[in-house]
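Down below is the structure, laid out as structure tokens.
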Amino acid sequence: MITCFDIGGTTIKGATATAPDNLTPLGRVPTPRDDFPAFVEAIAGLVEKGGAADGSPVAISVTGVVDPASGHVTCANIPCIDGRHLAQELEGHLGRKVFVANDADCFVLAEATAGAGREHRVVFGAIMGTGVGGGIVVDKRLHPGAAGLGGEWGHGTIVATKVSVPPYDLPHFPCGCGLSGCLDTVGGARGIEKLHRHLHGADLASTAIVSEWLAGDAKAAGTVDLFIELVAQPLALVVNIVGPDIIAVGGGLGNSHELIARLDAAVRPRILRKIDRPLVVPAQLTADAGLIGAAALGLAGGAA
């Protein structure tokens, strides 16, 4: 049995696990964002509550970037752990082996072990939430990539500026990473809202855009058409480079099965490998993906 955690900027969720899909919840506590001793105490308290045997490992899914070479965490949402070698420092306090991975990586690890990718060898996880993120799992093992940035398909100047049907000329929108034209600027919930505003001069929430599209609204349909065109091209490139057997889509936009089916239909004709089954599918795990992925990480003894 191991103890696993899903740590965000607001809440720490804990559980014990004997398998990735066999969790016993330990409840949740507020995340001490600015106080590292309090952060350690919160983790230690839940470990003690879980009653895992002395020396059993701890596995953590955390917001931010985890460098697999240095072990350092970059996390703006939780300042007290930013820049720390989090696993090493927690090991010193807890007396247990500690594994730490980024929450996007834990999402795809969860899908690969207990969700949409459980019967597949190579799984790409595409997160289309506020922005765009992702991760790669091969043979049930996480591939974090150099500096922990494997699977980050949301960045790089790759978004098309000309779309032929219907004809649009688009700017490259500035991205929070410092570049312009990243998929992150148009491929998530804020992105589809930005496209709707650009096309129609109206502010509308992503959920409302999708709902109106499904109801037959012409303006929302135009926005969705453009969104699919802009996202399908880089996702098809991901397929050709990575070679996933399945792509599990999480995040808020992943909740619309109709939208993901439309994306799948646009991606498959653009890839070299022709398949007659769905490739881009909705993720099957939602609220517990972080815990399940952390459990899989810890039970496997780490990443790649």
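In the structure tokens, chains take letters A, B, ... by order of appearance, with residues numbered from 1 within each chain and ligands from 1 in the order shown.
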
inquiry  = Could you list, as number ranges by chain, every residue within 6 Å of range 101-117 of chain A, counting only C-alpha atoms and ignoring same-chain residues fewer than 2 positions away?
reply    = A: 61-66, 119-120, 123, 125, 134-135, 283-284, 289-290, 292-294

Write the residues you've just listed into a file as a compact mmCIF listing (two decimals), in the first residue's frame, and include all heavy atoms for each of them.
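Okay, result-v3.txt is ready:
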# COMPACT_ATOMS: atom_id res chain seq x y z
N SER A 61 0.99 13.97 -7.31
CA SER A 61 0.66 14.73 -8.51
C SER A 61 0.56 16.19 -8.10
O SER A 61 -0.17 16.53 -7.18
CB SER A 61 -0.68 14.25 -9.09
OG SER A 61 -1.17 15.17 -10.05
N VAL A 62 1.32 17.05 -8.78
CA VAL A 62 1.36 18.45 -8.36
C VAL A 62 1.27 19.38 -9.56
O VAL A 62 1.78 19.08 -10.64
CB VAL A 62 2.66 18.74 -7.55
CG1 VAL A 62 3.89 18.62 -8.43
CG2 VAL A 62 2.60 20.11 -6.88
N THR A 63 0.59 20.48 -9.38
CA THR A 63 0.56 21.51 -10.40
C THR A 63 1.98 22.07 -10.58
O THR A 63 2.74 22.18 -9.63
CB THR A 63 -0.42 22.63 -10.01
OG1 THR A 63 -0.44 23.62 -11.03
CG2 THR A 63 -0.04 23.29 -8.70
N GLY A 64 2.33 22.40 -11.80
CA GLY A 64 3.67 22.92 -12.07
C GLY A 64 4.50 21.96 -12.90
O GLY A 64 4.01 20.94 -13.38
N VAL A 65 5.78 22.27 -13.07
CA VAL A 65 6.70 21.46 -13.87
C VAL A 65 7.71 20.80 -12.95
O VAL A 65 8.27 21.45 -12.08
CB VAL A 65 7.43 22.33 -14.92
CG1 VAL A 65 8.43 21.49 -15.71
CG2 VAL A 65 6.42 22.99 -15.87
N VAL A 66 7.94 19.51 -13.16
CA VAL A 66 8.91 18.76 -12.37
C VAL A 66 10.04 18.33 -13.30
O VAL A 66 9.81 17.56 -14.25
CB VAL A 66 8.28 17.52 -11.71
CG1 VAL A 66 9.31 16.80 -10.85
CG2 VAL A 66 7.06 17.92 -10.88
N GLU A 119 -5.97 -0.37 -22.55
CA GLU A 119 -5.70 -1.51 -23.42
C GLU A 119 -4.71 -1.16 -24.53
O GLU A 119 -4.54 -1.93 -25.48
CB GLU A 119 -7.01 -2.02 -24.03
CG GLU A 119 -7.99 -2.56 -23.00
CD GLU A 119 -9.29 -3.03 -23.61
OE1 GLU A 119 -9.45 -2.88 -24.85
OE2 GLU A 119 -10.14 -3.55 -22.87
N HIS A 120 -4.05 -0.02 -24.40
CA HIS A 120 -3.16 0.45 -25.45
C HIS A 120 -1.73 0.65 -24.93
O HIS A 120 -1.52 0.95 -23.76
CB HIS A 120 -3.68 1.77 -26.03
CG HIS A 120 -5.03 1.65 -26.65
ND1 HIS A 120 -5.23 1.11 -27.91
CD2 HIS A 120 -6.26 1.97 -26.18
CE1 HIS A 120 -6.52 1.11 -28.19
NE2 HIS A 120 -7.17 1.64 -27.16
N VAL A 123 0.07 5.94 -25.20
CA VAL A 123 -1.07 6.81 -24.91
C VAL A 123 -0.59 8.25 -24.83
O VAL A 123 0.37 8.57 -24.12
CB VAL A 123 -1.74 6.41 -23.58
CG1 VAL A 123 -2.94 7.32 -23.29
CG2 VAL A 123 -2.17 4.95 -23.60
N GLY A 125 -1.96 11.94 -23.72
CA GLY A 125 -3.02 12.65 -23.02
C GLY A 125 -3.03 14.11 -23.44
O GLY A 125 -2.01 14.79 -23.35
N GLY A 134 -0.35 18.36 -22.00
CA GLY A 134 -0.36 16.96 -22.42
C GLY A 134 0.73 16.15 -21.77
O GLY A 134 1.54 16.66 -21.00
N GLY A 135 0.74 14.86 -22.10
CA GLY A 135 1.74 13.95 -21.57
C GLY A 135 1.77 12.67 -22.37
O GLY A 135 0.85 12.39 -23.15
N ALA A 283 -11.47 11.54 -22.20
CA ALA A 283 -10.91 10.86 -21.04
C ALA A 283 -12.04 10.22 -20.23
O ALA A 283 -13.17 10.72 -20.21
CB ALA A 283 -10.14 11.84 -20.17
N GLN A 284 -11.73 9.12 -19.58
CA GLN A 284 -12.74 8.41 -18.79
C GLN A 284 -12.67 8.73 -17.31
O GLN A 284 -13.61 8.46 -16.57
CB GLN A 284 -12.58 6.90 -18.99
CG GLN A 284 -12.88 6.45 -20.40
CD GLN A 284 -12.73 4.95 -20.59
OE1 GLN A 284 -12.37 4.23 -19.67
NE2 GLN A 284 -13.00 4.47 -21.80
N ALA A 289 -8.37 11.64 -11.32
CA ALA A 289 -7.27 11.33 -12.23
C ALA A 289 -5.91 11.61 -11.59
O ALA A 289 -4.96 10.84 -11.77
CB ALA A 289 -7.42 12.13 -13.53
N GLY A 290 -5.80 12.71 -10.84
CA GLY A 290 -4.53 13.03 -10.20
C GLY A 290 -4.10 11.97 -9.20
O GLY A 290 -2.94 11.55 -9.16
N ILE A 292 -5.21 8.80 -9.08
CA ILE A 292 -4.98 7.53 -9.77
C ILE A 292 -3.62 7.55 -10.46
O ILE A 292 -2.86 6.57 -10.41
CB ILE A 292 -6.10 7.26 -10.78
CG1 ILE A 292 -7.43 7.02 -10.05
CG2 ILE A 292 -5.76 6.07 -11.69
CD1 ILE A 292 -8.64 6.98 -10.96
N GLY A 293 -3.30 8.68 -11.12
CA GLY A 293 -2.00 8.79 -11.78
C GLY A 293 -0.86 8.76 -10.79
O GLY A 293 0.19 8.13 -11.04
N ALA A 294 -1.01 9.43 -9.66
CA ALA A 294 0.04 9.40 -8.63
C ALA A 294 0.22 7.99 -8.10
O ALA A 294 1.34 7.52 -7.88
CB ALA A 294 -0.31 10.36 -7.50

When you look at range 11-23 of chain A with a cut-off of 10 Å (counting only C-alpha atoms), what residues show up, excluding the ones that are within fewer than 3 positions of it in the same chain? I need them as a PyMOL selection string.
chain A and resi 1-8+26-33+39+42-43+46-47+49-52+58-62+109-110+113-115+288-300

_Which of range 33-138 of chain A fall in helix (DSSP H, G or I), as a PyMOL selection string_ = chain A and resi 36-50+79-81+86-94+103-114

With a cut-off of 10 Å, could you pull out the residues of range 235-274 of chain A touching range 180-199 of chain A and give me the nearest pair of atoms for each, distance in Å to one decimal, using only C-alpha atoms, ordered by chain and ascending number, as JSON lines?
{"residue": "A:Leu235", "atom": "CA", "partner": "A:Leu183", "partner_atom": "CA", "distance": 9.8}
{"residue": "A:Gly251", "atom": "CA", "partner": "A:Gly188", "partner_atom": "CA", "distance": 8.4}
{"residue": "A:Gly252", "atom": "CA", "partner": "A:Ala189", "partner_atom": "CA", "distance": 7.1}
{"residue": "A:Leu253", "atom": "CA", "partner": "A:Ala189", "partner_atom": "CA", "distance": 6.5}
{"residue": "A:Gly254", "atom": "CA", "partner": "A:Gly188", "partner_atom": "CA", "distance": 9.7}

For the selection just defined, write its residues with N, CA, C and O atoms to a file, as a PDB file, in the first residue's frame.
ATOM      1  N   LEU A 235      -2.517  18.536 -33.727  1.00  0.00           N
ATOM      2  CA  LEU A 235      -2.733  17.249 -33.083  1.00  0.00           C
ATOM      3  C   LEU A 235      -2.390  16.103 -34.046  1.00  0.00           C
ATOM      4  O   LEU A 235      -1.842  15.074 -33.630  1.00  0.00           O
ATOM      5  N   GLY A 251      -9.753  17.857 -19.451  1.00  0.00           N
ATOM      6  CA  GLY A 251     -10.038  19.284 -19.352  1.00  0.00           C
ATOM      7  C   GLY A 251     -11.495  19.565 -19.665  1.00  0.00           C
ATOM      8  O   GLY A 251     -12.247  18.681 -20.097  1.00  0.00           O
ATOM      9  N   GLY A 252     -11.895  20.804 -19.480  1.00  0.00           N
ATOM     10  CA  GLY A 252     -13.301  21.173 -19.640  1.00  0.00           C
ATOM     11  C   GLY A 252     -13.866  20.858 -21.008  1.00  0.00           C
ATOM     12  O   GLY A 252     -14.991  20.353 -21.124  1.00  0.00           O
ATOM     13  N   LEU A 253     -13.103  21.145 -22.080  1.00  0.00           N
ATOM     14  CA  LEU A 253     -13.617  20.882 -23.424  1.00  0.00           C
ATOM     15  C   LEU A 253     -13.723  19.386 -23.697  1.00  0.00           C
ATOM     16  O   LEU A 253     -14.517  18.960 -24.532  1.00  0.00           O
ATOM     17  N   GLY A 254     -12.946  18.587 -22.984  1.00  0.00           N
ATOM     18  CA  GLY A 254     -13.040  17.143 -23.137  1.00  0.00           C
ATOM     19  C   GLY A 254     -14.360  16.576 -22.644  1.00  0.00           C
ATOM     20  O   GLY A 254     -14.693  15.420 -22.940  1.00  0.00           O
TER      21      GLY A 254
END

- prompt: Got a sec to tell me which of range 114-263 of chain A DSSP assigns to strand (DSSP E or B), as number ranges by chain?
  reply: A: 122-128, 132-138, 141-142, 162-163, 168-169, 174, 180, 246-250

Any chance you could export the current selection's N, CA, C and O atoms as a compact mmCIF listing (two decimals), in the first residue's frame?
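Saved the output as result_19.txt:
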# COMPACT_ATOMS: atom_id res chain seq x y z
N VAL A 122 0.83 2.84 -26.35
CA VAL A 122 1.30 4.23 -26.38
C VAL A 122 0.09 5.15 -26.25
O VAL A 122 -0.81 5.12 -27.09
N VAL A 123 0.07 5.94 -25.20
CA VAL A 123 -1.07 6.81 -24.91
C VAL A 123 -0.59 8.25 -24.83
O VAL A 123 0.37 8.57 -24.12
N PHE A 124 -1.27 9.11 -25.57
CA PHE A 124 -1.03 10.55 -25.46
C PHE A 124 -2.23 11.17 -24.75
O PHE A 124 -3.38 10.91 -25.12
N GLY A 125 -1.96 11.94 -23.72
CA GLY A 125 -3.02 12.65 -23.02
C GLY A 125 -3.03 14.11 -23.44
O GLY A 125 -2.01 14.79 -23.35
N ALA A 126 -4.16 14.58 -23.95
CA ALA A 126 -4.30 15.96 -24.38
C ALA A 126 -5.26 16.67 -23.45
O ALA A 126 -6.43 16.30 -23.36
N ILE A 127 -4.75 17.66 -22.74
CA ILE A 127 -5.60 18.42 -21.83
C ILE A 127 -6.03 19.70 -22.52
O ILE A 127 -5.20 20.50 -22.96
N MET A 128 -7.34 19.89 -22.63
CA MET A 128 -7.91 21.08 -23.24
C MET A 128 -8.83 21.71 -22.20
O MET A 128 -10.05 21.56 -22.24
N VAL A 132 -3.83 24.47 -22.90
CA VAL A 132 -3.56 23.20 -23.55
C VAL A 132 -2.30 22.58 -22.95
O VAL A 132 -1.26 23.24 -22.85
N GLY A 133 -2.40 21.33 -22.54
CA GLY A 133 -1.25 20.59 -22.01
C GLY A 133 -1.30 19.15 -22.47
O GLY A 133 -2.20 18.75 -23.22
N GLY A 134 -0.35 18.36 -22.00
CA GLY A 134 -0.36 16.96 -22.42
C GLY A 134 0.73 16.15 -21.77
O GLY A 134 1.54 16.66 -21.00
N GLY A 135 0.74 14.86 -22.10
CA GLY A 135 1.74 13.95 -21.57
C GLY A 135 1.77 12.67 -22.37
O GLY A 135 0.85 12.39 -23.15
N ILE A 136 2.83 11.88 -22.17
CA ILE A 136 3.05 10.67 -22.95
C ILE A 136 3.32 9.50 -22.00
O ILE A 136 4.13 9.62 -21.07
N VAL A 137 2.66 8.38 -22.25
CA VAL A 137 2.91 7.15 -21.50
C VAL A 137 3.17 6.03 -22.50
O VAL A 137 2.41 5.87 -23.47
N VAL A 138 4.23 5.27 -22.27
CA VAL A 138 4.57 4.13 -23.11
C VAL A 138 4.71 2.90 -22.22
O VAL A 138 5.48 2.92 -21.25
N ARG A 141 4.39 3.35 -18.56
CA ARG A 141 5.43 4.12 -17.88
C ARG A 141 5.41 5.55 -18.43
O ARG A 141 5.37 5.77 -19.65
N LEU A 142 5.47 6.50 -17.53
CA LEU A 142 5.48 7.89 -17.91
C LEU A 142 6.78 8.27 -18.60
O LEU A 142 7.86 7.88 -18.17
N LYS A 162 -3.91 31.34 -41.72
CA LYS A 162 -4.85 31.37 -42.84
C LYS A 162 -5.61 30.05 -42.86
O LYS A 162 -5.02 28.98 -42.84
N VAL A 163 -6.91 30.15 -42.88
CA VAL A 163 -7.77 28.98 -42.97
C VAL A 163 -8.65 29.18 -44.20
O VAL A 163 -9.27 30.23 -44.37
N TYR A 168 -10.33 32.71 -43.55
CA TYR A 168 -10.05 33.59 -42.43
C TYR A 168 -8.57 33.94 -42.45
O TYR A 168 -7.72 33.10 -42.74
N ASP A 169 -8.27 35.19 -42.13
CA ASP A 169 -6.90 35.60 -41.81
C ASP A 169 -6.87 35.88 -40.32
O ASP A 169 -7.63 36.72 -39.82
N PRO A 174 -0.62 36.53 -28.61
CA PRO A 174 0.49 36.34 -27.66
C PRO A 174 0.15 35.30 -26.61
O PRO A 174 -0.99 35.19 -26.16
N SER A 180 4.36 33.82 -29.44
CA SER A 180 3.07 34.14 -30.04
C SER A 180 2.71 33.04 -31.02
O SER A 180 3.59 32.44 -31.65
N ILE A 246 -3.84 5.77 -28.88
CA ILE A 246 -5.07 6.45 -28.46
C ILE A 246 -4.68 7.80 -27.89
O ILE A 246 -3.59 7.97 -27.34
N ILE A 247 -5.56 8.79 -28.06
CA ILE A 247 -5.38 10.11 -27.45
C ILE A 247 -6.58 10.35 -26.55
O ILE A 247 -7.73 10.42 -27.02
N ALA A 248 -6.33 10.46 -25.26
CA ALA A 248 -7.39 10.72 -24.28
C ALA A 248 -7.43 12.22 -24.00
O ALA A 248 -6.41 12.80 -23.61
N VAL A 249 -8.57 12.83 -24.20
CA VAL A 249 -8.72 14.28 -24.05
C VAL A 249 -9.39 14.60 -22.72
O VAL A 249 -10.51 14.14 -22.45
N GLY A 250 -8.69 15.37 -21.90
CA GLY A 250 -9.24 15.82 -20.63
C GLY A 250 -9.41 17.32 -20.61
O GLY A 250 -9.22 18.01 -21.61

Counting only C-alpha atoms, the residue among A:Arg277, A:His257, A:Lys219, A:Arg268 that lies closest to Gln233 in chain A is A:Arg268

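The gap separating CA of Leu272 in chain A from CA of Val242 in chain A is 12.0 Å, in Å to one decimal.
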
Inset, instruction - Between CA of Pro278 in chain A and CA of Leu263 in chain A, measure the distance and give it in Å to one decimal. - result: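 We find that CA of Pro278 in chain A and CA of Leu263 in chain A lie 10.2 Å from each other.
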
In Å, rounded to a single decimal, give me how far CA of Phe99 in chain A is from CA of Asp245 in chain A.
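The value is 26.8 Å.
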
Shell of 10 Å around Pro79 in chain A, only C-alpha atoms, local chain residues under 5 positions omitted, as a PyMOL selection string: chain A and resi 9+32-36+74+84
